[in-house]
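> This one is query_12.txt, compact mmCIF, C-alpha atoms.
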```txt
# COMPACT_ATOMS: atom_id res chain seq x y z
CA MET A 1 -11.08 55.24 -10.14
CA LYS A 2 -11.00 54.49 -6.41
CA VAL A 3 -7.85 53.42 -4.60
CA ASN A 4 -7.53 52.09 -1.07
CA PHE A 5 -5.76 54.71 1.02
CA TYR A 6 -3.87 54.48 4.33
CA PRO A 7 -3.53 57.97 5.89
CA GLY A 8 -1.58 57.21 9.10
CA CYS A 9 -1.55 59.12 12.38
CA THR A 10 0.24 62.31 11.36
CA LEU A 11 -2.04 63.01 8.38
CA LYS A 12 -4.96 63.05 10.78
CA THR A 13 -3.31 65.59 13.08
CA LYS A 14 -0.40 67.93 12.28
CA ALA A 15 -0.26 67.12 8.59
CA SER A 16 -3.98 67.20 7.82
CA ASN A 17 -3.22 69.69 5.03
CA LEU A 18 -1.13 66.97 3.37
CA GLU A 19 -4.13 64.65 3.31
CA ARG A 20 -6.60 67.30 2.15
CA THR A 21 -4.39 68.66 -0.64
CA ALA A 22 -3.61 65.11 -1.79
CA LYS A 23 -7.30 64.19 -1.95
CA ALA A 24 -8.29 67.39 -3.72
CA SER A 25 -5.45 67.11 -6.26
CA MET A 26 -6.10 63.45 -6.97
CA ALA A 27 -9.81 64.16 -7.45
CA ILE A 28 -8.88 66.52 -10.30
CA LEU A 29 -6.81 63.67 -11.77
CA GLY A 30 -9.83 61.35 -11.54
CA ILE A 31 -8.58 59.24 -8.65
CA GLU A 32 -10.46 58.98 -5.38
CA LEU A 33 -8.35 58.19 -2.31
CA GLU A 34 -10.75 56.10 -0.27
CA GLU A 35 -9.68 55.77 3.36
CA MET A 36 -9.36 52.11 4.38
CA ALA A 37 -11.52 50.85 7.23
CA GLU A 38 -10.20 50.33 10.77
CA TRP A 39 -6.60 51.33 10.19
CA THR A 40 -4.23 51.86 13.11
CA CYS A 41 -0.88 53.67 13.44
CA CYS A 42 1.91 51.75 11.67
CA GLY A 43 4.46 52.39 14.43
CA ALA A 44 6.18 55.37 12.78
CA ASN A 45 9.52 53.67 12.31
CA PHE A 46 10.50 50.20 11.20
CA SER A 47 12.09 48.13 13.95
CA LEU A 48 15.62 47.07 13.08
CA ALA A 49 15.62 44.16 15.55
CA ASN A 50 15.94 40.74 13.95
CA ASP A 51 14.95 38.76 17.01
CA ASN A 52 11.56 40.31 17.74
CA ILE A 53 8.79 40.71 15.23
CA MET A 54 6.16 42.18 17.56
CA LYS A 55 6.64 45.66 16.14
CA MET A 56 5.55 44.30 12.76
CA ALA A 57 2.13 43.36 14.14
CA ALA A 58 0.69 46.85 13.55
CA PRO A 59 1.73 47.21 9.89
CA ILE A 60 0.77 43.60 9.08
CA ARG A 61 -2.63 44.00 10.74
CA ASN A 62 -3.19 47.05 8.53
CA LEU A 63 -2.14 45.10 5.44
CA ALA A 64 -4.46 42.23 6.41
CA ARG A 65 -7.38 44.68 6.58
CA ALA A 66 -6.35 46.31 3.30
CA GLU A 67 -6.16 42.88 1.65
CA LYS A 68 -9.91 42.42 2.15
CA VAL A 69 -10.53 45.36 -0.18
CA GLY A 70 -7.92 44.75 -2.84
CA THR A 71 -4.29 44.26 -3.73
CA GLU A 72 -3.21 47.90 -3.64
CA LEU A 73 -2.69 50.20 -0.70
CA VAL A 74 -1.66 53.80 -1.28
CA THR A 75 0.02 55.94 1.36
CA ILE A 76 1.59 59.40 1.38
CA CYS A 77 3.62 59.88 4.57
CA SER A 78 7.19 58.70 3.90
CA ALA A 79 7.38 56.96 7.28
CA CYS A 80 4.12 55.04 6.77
CA TYR A 81 5.36 54.03 3.35
CA ASN A 82 8.66 52.82 4.77
CA VAL A 83 7.11 50.84 7.63
CA LEU A 84 4.28 49.24 5.64
CA LYS A 85 6.49 48.36 2.70
CA ARG A 86 9.37 46.97 4.77
CA ALA A 87 7.04 44.86 6.93
CA ASN A 88 5.38 43.62 3.76
CA TYR A 89 8.77 42.73 2.26
CA ALA A 90 9.77 40.92 5.44
CA VAL A 91 6.73 38.64 5.55
CA LYS A 92 6.60 38.06 1.79
CA ASN A 93 10.15 36.72 1.98
CA ASP A 94 9.86 34.78 5.23
CA SER A 95 6.85 32.51 5.61
CA GLU A 96 7.74 31.70 9.22
CA LYS A 97 7.47 35.37 10.17
CA LEU A 98 4.13 35.63 8.38
CA GLU A 99 2.81 32.55 10.14
CA LYS A 100 3.87 33.82 13.57
CA LEU A 101 2.29 37.20 12.98
CA ASN A 102 -0.92 35.61 11.74
CA LEU A 103 -1.10 33.47 14.89
CA PHE A 104 -0.76 36.64 16.92
CA LEU A 105 -3.42 38.46 14.90
CA GLU A 106 -5.72 35.43 15.26
CA ASP A 107 -5.39 35.63 19.06
CA GLY A 108 -6.27 39.29 19.08
CA LYS A 109 -9.23 39.12 16.76
CA ILE A 110 -12.42 40.81 17.74
CA GLN A 111 -15.51 38.63 17.12
CA ASP A 112 -15.56 37.60 13.48
CA ASN A 113 -13.05 40.22 12.42
CA ASP A 114 -10.56 37.93 10.69
CA ASP A 115 -7.18 39.64 10.39
CA GLN A 116 -5.10 36.99 8.59
CA TYR A 117 -2.67 38.33 6.03
CA HIS A 118 -1.81 36.39 2.87
CA GLY A 119 0.93 38.61 1.48
CA LYS A 120 -1.07 39.89 -1.48
CA VAL A 121 -1.00 43.64 -0.95
CA ASN A 122 1.27 45.93 -2.91
CA VAL A 123 2.12 49.13 -1.01
CA LEU A 124 2.38 52.19 -3.23
CA HIS A 125 3.45 55.73 -2.48
CA LEU A 126 1.18 58.43 -3.93
CA LEU A 127 4.11 59.54 -6.11
CA GLU A 128 4.30 56.03 -7.58
CA LEU A 129 0.55 56.05 -8.16
CA ILE A 130 0.83 59.34 -10.09
CA LYS A 131 3.78 58.00 -12.07
CA GLU A 132 2.16 54.66 -12.89
CA LYS A 133 -1.56 55.47 -13.22
CA ILE A 134 -1.37 58.99 -14.67
CA GLY A 135 2.19 59.30 -15.98
CA PHE A 136 4.23 62.50 -15.72
CA ASP A 137 3.80 63.32 -19.42
CA ASN A 138 0.07 62.84 -19.22
CA LEU A 139 -0.06 64.89 -16.00
CA LYS A 140 0.94 67.97 -18.03
CA LYS A 141 -2.50 67.90 -19.72
CA TYR A 142 -4.19 68.67 -16.40
CA ILE A 143 -2.01 71.67 -15.55
CA LYS A 144 -3.99 74.92 -15.29
CA LYS A 145 -1.28 77.05 -13.76
CA PRO A 146 2.23 76.00 -14.88
CA LEU A 147 4.92 76.91 -12.35
CA ASN A 148 6.70 79.33 -14.74
CA GLY A 149 10.08 77.72 -14.25
CA LEU A 150 9.95 78.19 -10.45
CA LYS A 151 13.13 76.74 -9.00
CA VAL A 152 12.05 73.98 -6.62
CA ALA A 153 14.36 71.79 -4.54
CA PRO A 154 13.05 68.22 -4.33
CA TYR A 155 13.77 66.81 -0.88
CA TYR A 156 13.55 63.03 -0.57
CA GLY A 157 15.01 62.44 2.89
CA CYS A 158 15.53 58.86 3.98
CA GLN A 159 12.26 57.04 4.65
CA LEU A 160 10.95 57.38 1.12
CA ILE A 161 13.96 55.83 -0.62
CA ARG A 162 16.02 53.66 1.72
CA PRO A 163 16.59 50.74 1.69
CA GLN A 164 16.36 50.55 -2.09
CA LYS A 165 16.33 46.73 -2.17
CA GLU A 166 13.07 46.65 -0.22
CA LEU A 167 11.32 49.84 -1.31
CA GLU A 168 12.32 49.73 -4.99
CA ILE A 169 10.78 53.15 -5.59
CA GLU A 170 13.93 54.86 -6.82
CA ASP A 171 17.72 54.79 -6.96
CA GLN A 172 18.63 55.60 -3.35
CA GLU A 173 21.63 57.73 -4.35
CA ALA A 174 20.04 59.54 -7.31
CA PRO A 175 16.25 59.50 -7.06
CA GLU A 176 14.22 61.28 -9.74
CA ILE A 177 10.53 60.93 -8.96
CA LEU A 178 10.12 64.34 -7.26
CA HIS A 179 12.33 65.94 -9.93
CA ASN A 180 10.03 64.49 -12.58
CA LEU A 181 6.94 65.77 -10.79
CA ILE A 182 8.35 69.31 -10.51
CA ASP A 183 9.31 69.36 -14.18
CA ALA A 184 5.85 68.06 -15.19
CA LEU A 185 4.25 70.94 -13.23
CA GLY A 186 6.27 73.43 -15.24
CA GLY A 187 8.82 74.09 -12.52
CA ASP A 188 12.58 73.76 -12.63
CA ALA A 189 13.83 70.94 -10.37
CA VAL A 190 17.04 72.06 -8.74
CA ASP A 191 19.91 69.57 -8.43
CA TYR A 192 21.77 69.76 -5.14
CA SER A 193 23.85 67.26 -3.25
CA MET A 194 21.74 67.01 -0.08
CA ASP A 195 18.40 65.85 -1.48
CA THR A 196 18.70 62.40 0.13
CA GLU A 197 20.47 63.53 3.32
CA CYS A 198 18.50 62.75 6.50
CA CYS A 199 17.03 65.77 8.33
CA GLY A 200 17.64 64.22 11.76
CA SER A 201 14.21 62.58 12.08
CA TYR A 202 13.02 61.66 15.60
CA VAL A 203 16.28 62.92 17.15
CA GLU A 204 14.44 66.28 17.10
CA VAL A 205 12.43 65.14 20.13
CA ASN A 206 15.49 64.96 22.32
CA ARG A 207 18.32 66.88 20.65
CA PRO A 208 16.84 69.69 18.51
CA LYS A 209 20.10 71.59 18.20
CA GLU A 210 21.76 68.68 16.40
CA VAL A 211 18.80 68.41 14.02
CA TRP A 212 19.00 72.14 13.37
CA LEU A 213 22.57 71.73 12.13
CA ALA A 214 21.54 68.91 9.80
CA SER A 215 18.69 71.09 8.48
CA TYR A 216 21.03 74.03 7.98
CA ARG A 217 23.36 71.99 5.77
CA ILE A 218 20.48 70.77 3.60
CA LEU A 219 18.80 74.17 3.23
CA ARG A 220 22.06 76.00 2.55
CA GLN A 221 22.89 73.60 -0.28
CA ALA A 222 19.43 73.95 -1.81
CA ARG A 223 19.69 77.74 -1.65
CA ALA A 224 23.17 77.73 -3.17
CA ALA A 225 21.77 75.72 -6.08
CA GLY A 226 19.17 78.46 -6.62
CA ALA A 227 16.09 76.93 -4.98
CA LYS A 228 13.27 79.33 -4.10
CA ILE A 229 11.15 76.68 -2.44
CA MET A 230 11.45 73.05 -1.32
CA ILE A 231 9.00 70.13 -1.44
CA THR A 232 8.79 66.89 0.52
CA SER A 233 6.37 64.05 1.24
CA CYS A 234 7.32 63.55 4.89
CA PRO A 235 5.58 65.48 7.71
CA LEU A 236 8.60 65.09 10.01
CA CYS A 237 11.05 66.33 7.35
CA LEU A 238 8.78 69.33 6.77
CA TYR A 239 8.63 70.04 10.49
CA ASN A 240 12.38 69.68 11.12
CA LEU A 241 13.47 71.64 8.06
CA ASP A 242 10.97 74.45 8.64
CA LYS A 243 11.11 74.83 12.39
CA HIS A 244 14.61 76.15 13.01
CA GLN A 245 15.10 78.43 10.03
CA PHE A 246 14.75 81.69 11.94
CA ASP A 247 17.24 80.44 14.57
CA ILE A 248 19.64 79.52 11.77
CA GLU A 249 19.17 82.98 10.27
CA LYS A 250 20.13 84.59 13.58
CA GLU A 251 23.39 82.65 13.72
CA HIS A 252 24.26 82.80 10.04
CA SER A 253 23.60 86.23 8.57
CA ASP A 254 24.12 84.96 5.00
CA PHE A 255 21.32 82.41 5.36
CA LYS A 256 18.00 83.09 3.66
CA PRO A 257 15.02 80.97 4.75
CA VAL A 258 13.60 78.46 2.27
CA PRO A 259 9.84 77.87 2.40
CA ILE A 260 8.82 74.20 2.42
CA LEU A 261 5.65 72.68 1.04
CA TYR A 262 4.22 69.22 0.71
CA PHE A 263 4.48 68.04 -2.89
CA THR A 264 0.69 67.81 -2.92
CA GLN A 265 0.39 71.57 -2.26
CA LEU A 266 2.57 72.37 -5.27
CA LEU A 267 0.66 69.81 -7.32
CA GLY A 268 -2.66 71.34 -6.26
CA LEU A 269 -1.41 74.83 -7.10
CA ALA A 270 -0.47 73.77 -10.63
CA LEU A 271 -3.75 71.89 -11.03
CA GLY A 272 -5.60 75.11 -10.26
CA LEU A 273 -6.90 74.51 -6.73
CA PRO A 274 -7.99 77.80 -5.15
CA GLU A 275 -5.50 79.36 -2.72
CA GLU A 276 -7.58 78.63 0.39
CA GLU A 277 -7.63 74.92 -0.43
CA LEU A 278 -3.83 74.83 -0.65
CA GLU A 279 -3.53 75.66 3.06
CA LEU A 280 -0.26 77.52 2.65
CA ASN A 281 -0.23 78.83 6.23
CA GLY A 282 1.06 75.74 8.05
CA THR A 283 4.76 76.52 8.23
CA LYS A 284 6.90 79.10 10.02
CA VAL A 285 8.51 80.20 6.75
CA ASP A 286 5.62 81.56 4.70
CA PRO A 287 5.70 80.27 1.09
CA ARG A 288 3.20 82.86 -0.18
CA PRO A 289 5.62 85.76 -0.88
CA VAL A 290 7.77 83.55 -3.15
CA LEU A 291 4.70 82.19 -4.94
CA LYS A 292 3.30 85.71 -5.40
CA GLU A 293 6.65 86.95 -6.72
CA SER A 294 6.55 84.17 -9.29
CA GLY A 295 3.03 85.14 -10.35
CA LEU A 296 1.50 81.94 -9.01
CA LEU A 297 -0.88 83.42 -6.42
CA MET B 1 27.02 60.16 28.64
CA PRO B 2 23.37 60.27 29.64
CA GLU B 3 22.86 59.79 33.36
CA ASN B 4 20.46 56.91 32.92
CA THR B 5 22.80 54.67 30.94
CA LYS B 6 25.24 54.62 33.87
CA LYS B 7 23.05 52.05 35.59
CA GLU B 8 24.85 48.77 35.91
CA LEU B 9 23.96 46.26 33.24
CA ASN B 10 23.00 42.78 34.21
CA ILE B 11 24.91 41.21 31.31
CA LYS B 12 28.24 39.39 31.32
CA PRO B 13 30.82 41.12 29.07
CA GLU B 14 31.45 37.89 27.11
CA GLU B 15 27.74 37.69 26.25
CA ILE B 16 27.46 41.16 24.77
CA LEU B 17 28.59 40.36 21.22
CA GLU B 18 26.36 37.31 21.17
CA ILE B 19 23.34 39.43 22.10
CA ILE B 20 24.24 42.12 19.56
CA LYS B 21 24.47 39.42 16.89
CA ASP B 22 21.11 37.91 17.89
CA ILE B 23 19.33 41.26 17.76
CA SER B 24 21.04 42.70 14.67
CA GLY B 25 21.86 39.61 12.64
CA GLN B 26 25.24 41.29 12.00
CA ASP B 27 28.80 40.08 12.54
CA VAL B 28 30.90 43.05 13.68
CA TYR B 29 34.13 41.33 12.58
CA VAL B 30 33.13 41.69 8.93
CA CYS B 31 33.88 45.43 9.20
CA TYR B 32 37.37 46.46 8.05
CA GLN B 33 37.13 50.03 9.37
CA CYS B 34 37.16 51.93 6.08
CA GLY B 35 35.01 54.70 7.59
CA LYS B 36 32.53 55.07 4.76
CA CYS B 37 29.65 54.90 7.28
CA THR B 38 31.10 57.86 9.16
CA ALA B 39 31.79 59.81 5.96
CA GLY B 40 28.13 59.77 4.97
CA CYS B 41 26.51 60.03 8.40
CA PRO B 42 24.35 63.19 8.66
CA MET B 43 24.62 63.25 12.46
CA SER B 44 28.35 62.44 12.83
CA GLU B 45 29.27 66.11 13.25
CA ASN B 46 27.70 66.01 16.70
CA MET B 47 28.66 62.51 17.75
CA ASP B 48 31.51 62.31 20.24
CA ILE B 49 32.80 59.11 18.69
CA MET B 50 32.21 58.15 15.06
CA PRO B 51 29.90 55.38 13.77
CA ASN B 52 32.81 53.20 12.60
CA GLN B 53 34.31 53.49 16.10
CA ILE B 54 31.16 51.94 17.55
CA ILE B 55 31.95 48.81 15.55
CA ARG B 56 35.63 48.99 16.50
CA LEU B 57 34.81 49.16 20.21
CA LEU B 58 32.53 46.14 19.83
CA GLN B 59 35.27 44.25 17.95
CA ILE B 60 37.73 44.75 20.81
CA GLY B 61 35.15 44.13 23.54
CA ALA B 62 35.20 47.67 24.94
CA PHE B 63 31.46 47.91 25.61
CA ASP B 64 31.83 50.06 28.73
CA GLU B 65 33.78 52.59 26.69
CA LEU B 66 31.09 52.59 24.00
CA LEU B 67 28.42 53.47 26.56
CA LYS B 68 30.27 56.64 27.57
CA HIS B 69 29.39 58.24 24.25
CA ASN B 70 26.25 59.77 22.73
CA THR B 71 26.63 58.16 19.29
CA ILE B 72 23.90 55.49 19.47
CA TRP B 73 21.36 58.07 20.67
CA LEU B 74 22.13 60.52 17.86
CA CYS B 75 21.72 57.87 15.16
CA ALA B 76 18.55 58.74 13.25
CA SER B 77 18.22 55.28 11.59
CA CYS B 78 18.40 56.92 8.16
CA LEU B 79 20.23 53.89 6.69
CA THR B 80 22.80 55.94 4.78
CA CYS B 81 25.62 53.89 6.37
CA THR B 82 23.78 50.64 5.70
CA SER B 83 23.18 51.47 2.07
CA ARG B 84 26.81 52.40 1.40
CA CYS B 85 28.85 49.83 3.34
CA PRO B 86 31.23 48.04 0.95
CA LYS B 87 31.19 44.95 3.18
CA GLY B 88 27.40 44.84 3.51
CA VAL B 89 27.43 45.51 7.25
CA ASP B 90 24.07 46.87 8.39
CA LEU B 91 25.34 49.39 10.93
CA ALA B 92 21.86 50.83 11.53
CA ARG B 93 20.88 47.40 12.87
CA ILE B 94 23.96 47.30 15.10
CA MET B 95 23.10 50.75 16.51
CA GLU B 96 19.55 49.51 17.14
CA ALA B 97 20.90 46.37 18.83
CA VAL B 98 23.04 48.39 21.26
CA ARG B 99 20.07 50.66 22.06
CA LEU B 100 17.82 47.63 22.58
CA LEU B 101 20.38 45.85 24.74
CA LEU B 102 20.07 48.81 27.13
CA LEU B 103 16.34 49.40 26.72
CA ARG B 104 15.55 45.74 27.36
CA GLN B 105 17.30 46.15 30.72
CA ASN B 106 14.65 48.74 31.44
CA VAL B 107 17.09 51.60 31.04
CA ALA B 108 15.10 54.40 29.41
CA TYR B 109 17.07 57.02 27.53
CA LEU B 110 14.02 59.27 27.32
CA ASN B 111 10.63 59.04 28.98
CA ALA B 112 7.51 60.65 27.56
CA SER B 113 7.35 62.79 30.68
CA ASP B 114 10.83 64.19 29.88
CA ILE B 115 9.45 65.87 26.74
CA PRO B 116 8.31 69.43 27.52
CA GLU B 117 4.55 69.85 27.17
CA GLU B 118 4.97 72.60 24.61
CA ASP B 119 7.02 70.26 22.40
CA ARG B 120 4.47 67.47 22.83
CA GLU B 121 1.82 69.80 21.46
CA GLU B 122 3.90 70.95 18.55
CA LEU B 123 5.78 67.86 17.35
CA PRO B 124 4.19 65.63 14.69
CA ILE B 125 2.83 62.39 16.21
CA GLN B 126 5.21 60.55 13.92
CA ALA B 127 8.19 62.07 15.78
CA LEU B 128 6.80 61.26 19.23
CA VAL B 129 5.93 57.64 18.40
CA GLY B 130 9.26 57.19 16.62
CA ALA B 131 11.29 58.64 19.50
CA MET B 132 9.51 56.55 22.12
CA ARG B 133 10.22 53.43 20.07
CA LYS B 134 13.92 54.27 19.87
CA TYR B 135 14.48 55.75 23.33
CA SER B 136 12.23 53.98 25.82
CA PRO B 137 11.78 50.30 26.84
```
Would you write out, as C-alpha cells, the structure that this file holds?


Amino acid sequence: MKVNFYPGCTLKTKASNLERTAKASMAILGIELEEMAEWTCCGANFSLANDNIMKMAAPIRNLARAEKVGTELVTICSACYNVLKRANYAVKNDSEKLEKLNLFLEDGKIQDNDDQYHGKVNVLHLLELIKEKIGFDNLKKYIKKPLNGLKVAPYYGCQLIRPQKELEIEDQEAPEILHNLIDALGGDAVDYSMDTECCGSYVEVNRPKEVWLASYRILRQARAAGAKIMITSCPLCLYNLDKHQFDIEKEHSDFKPVPILYFTQLLGLALGLPEEELELNGTKVDPRPVLKESGLL
Amino acid sequence: MPENTKKELNIKPEEILEIIKDISGQDVYVCYQCGKCTAGCPMSENMDIMPNQIIRLLQIGAFDELLKHNTIWLCASCLTCTSRCPKGVDLARIMEAVRLLLLRQNVAYLNASDIPEEDREELPIQALVGAMRKYSP
C-alpha cells in the first residue's frame, strides 16, 4: 500500500535519519511512504494571530497539492503535523478563510499548476497510520527482536497533542499512543508526569539556558521512573532534550544522561533492521551502550 | 527587558487592548486570575513576571510595565495554559498578540544575524524558522 507522505524541511536536513528509519520500518510493514510532489516548508509553527491568515498559505498550498493525489496525507515531524492539521481545521470550519486563501493561491499559480484546496485532505501522523492501518496488536506479528522489557519513556511534547480539539490524536493530558507502540514492541512504557511537558521549543534559539532547565526537569522525572531510554517524534524535542545533557550532568552530579531516539529507530530495531540502518549515532548521548546492555544490539 | 523593545511604540495606550483583541480574538477581562496558566507553564521558572500577570497588566492598562519583562519572549507557544484555562481564555494567543503588536511596529526581538553561525549550523531548521516567525517582523 502506498500513502502520500509530507516530509517537511527538518526531515530533509538534521533529521534525515527520522525519514530513513520511518521509510525502512514502514516498508517492512508493507506500507510505502511516497513523497508528495512539490511540497514546501509548512512554516514550522502555527500562527496564533486571528487577524492575518497569510501564514496559513504555505500549509494550505501543500494540502491543495496533496489533494490532487488523494484524501490522506501522512507526516512524521510533530511540528509539521501540528501546522498542517491546524490549518486544515481552520479552513474546514471557516469557508471565508478557505476562499481567501484560494484567491491568494490562484494569484500565485505557476502556469497551469492549479493550487485550489477543497478541504478534502485528512492529515495523519505516522503513529496514527500505524495504529489505524496496522494496529498495535497486529504489529506484534512483525516483531523480530522484541525489546525484552526495556524501560522506555514515551515523550509526547506539545506539538503532537495540543490542542486536542483540533488534532484529535489523543487525550492531551494522558496520551497513550507512544505507550502503546512501546508495549507492542515488547518494551515497558514508563509512566512519568512530564511526558507532555514542553521542552522549550524554539526558545532554544535565543535562550538555551532556560530550555536546558526545562529539559532537565523532564529527563530527571523519566529517570526517576526507571527509564533507560526515551523516544519522541519531534526533531526539535530530540535536539533540545539531547543537547544539554552533559552540561546538566556537570551541574547536577546525581543526574545520569538519558539517550533519546526517534520512535522510528526503536520500531526499526524491533522489526529487525540492521544496526547500520538504524543510524544510532546522531545524538550526543549515545544510545548504543544501553541497547547493548539489554541484548538488543 | 531586551534593548530593542525600548523603542517607542507608535500606538495610543487606549488602542492597545483593542489591537490585542483583534489579533488574539480574546477578551482579557474574562480572566479571573486563578493562576492555573502559571501553575502549568514549563517556562515560568525563568519568567520575571508570571503568565497570569501578563493578563492582569493588560486588564489594568499597564502595557508599559508589561514590556519591561521577558515573559512574552520566553513563551514557547506550547498551549498548556490554553488547554487548561477554566475560563477558556487562550493565553497563548494573547502572548502572540503582544509579540505581534511589537513586531508589526518593526521592532525585532531577534534577527537572523544575531544567531551565532555555529548555532545556525547545528540547530534543526524547524527551530530557526519557528524562532524567526516568533521573534522577527

> Pull out every residue of chain A sitting within 6 Å of chain B, counting all atoms listed in the file, and send them as a list in words.

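The complete set of qualifying residues is Thr10, Lys14, Ala44, Asn45, Leu48, Ala49, Asn50, Asp51, Cys158, Gly200, Ser201 and Tyr202 of chain A.
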
> With C-alpha atoms retained, write the just-selected residues as a CSV table (one decimal), in the coordinates of the input.


```csv
chain,number,residue,atom,x,y,z
A,10,THR,CA,0.2,62.3,11.4
A,14,LYS,CA,-0.4,67.9,12.3
A,44,ALA,CA,6.2,55.4,12.8
A,45,ASN,CA,9.5,53.7,12.3
A,48,LEU,CA,15.6,47.1,13.1
A,49,ALA,CA,15.6,44.2,15.6
A,50,ASN,CA,15.9,40.7,14.0
A,51,ASP,CA,15.0,38.8,17.0
A,158,CYS,CA,15.5,58.9,4.0
A,200,GLY,CA,17.6,64.2,11.8
A,201,SER,CA,14.2,62.6,12.1
A,202,TYR,CA,13.0,61.7,15.6
```

> Could you write out as JSON the box around stretch 184-190 of chain A (axis-aligned, all atoms listed in the file, 5 Å on each side), with centre and edge lengths in Å to one decimal?


```
{"center_x": 10.6, "center_y": 71.1, "center_z": -12.0, "size_x": 22.8, "size_y": 16.0, "size_z": 16.5}
```

> Might you pull out every residue within 9 Å of B:Leu66, with all atoms listed in the file counted and same-chain residues fewer than 5 positions away left off, and present them as a list in words?

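Surrounding residues, per the criterion: Ile49, Gln53, Ile54, Leu57, Leu58, Thr71 and Ile72 of chain B.
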
> Residues at most 12 Å from A:Lys92, counting only C-alpha atoms, excluding those fewer than 2 positions away in the same chain, as a ChimeraX atom specification?

/A:60,63,85-90,94-99,117-122,166

> Provide the atom CA of A:Asp115 to atom CA of A:Lys55 distance in Å, to one decimal place.

16.1 Å
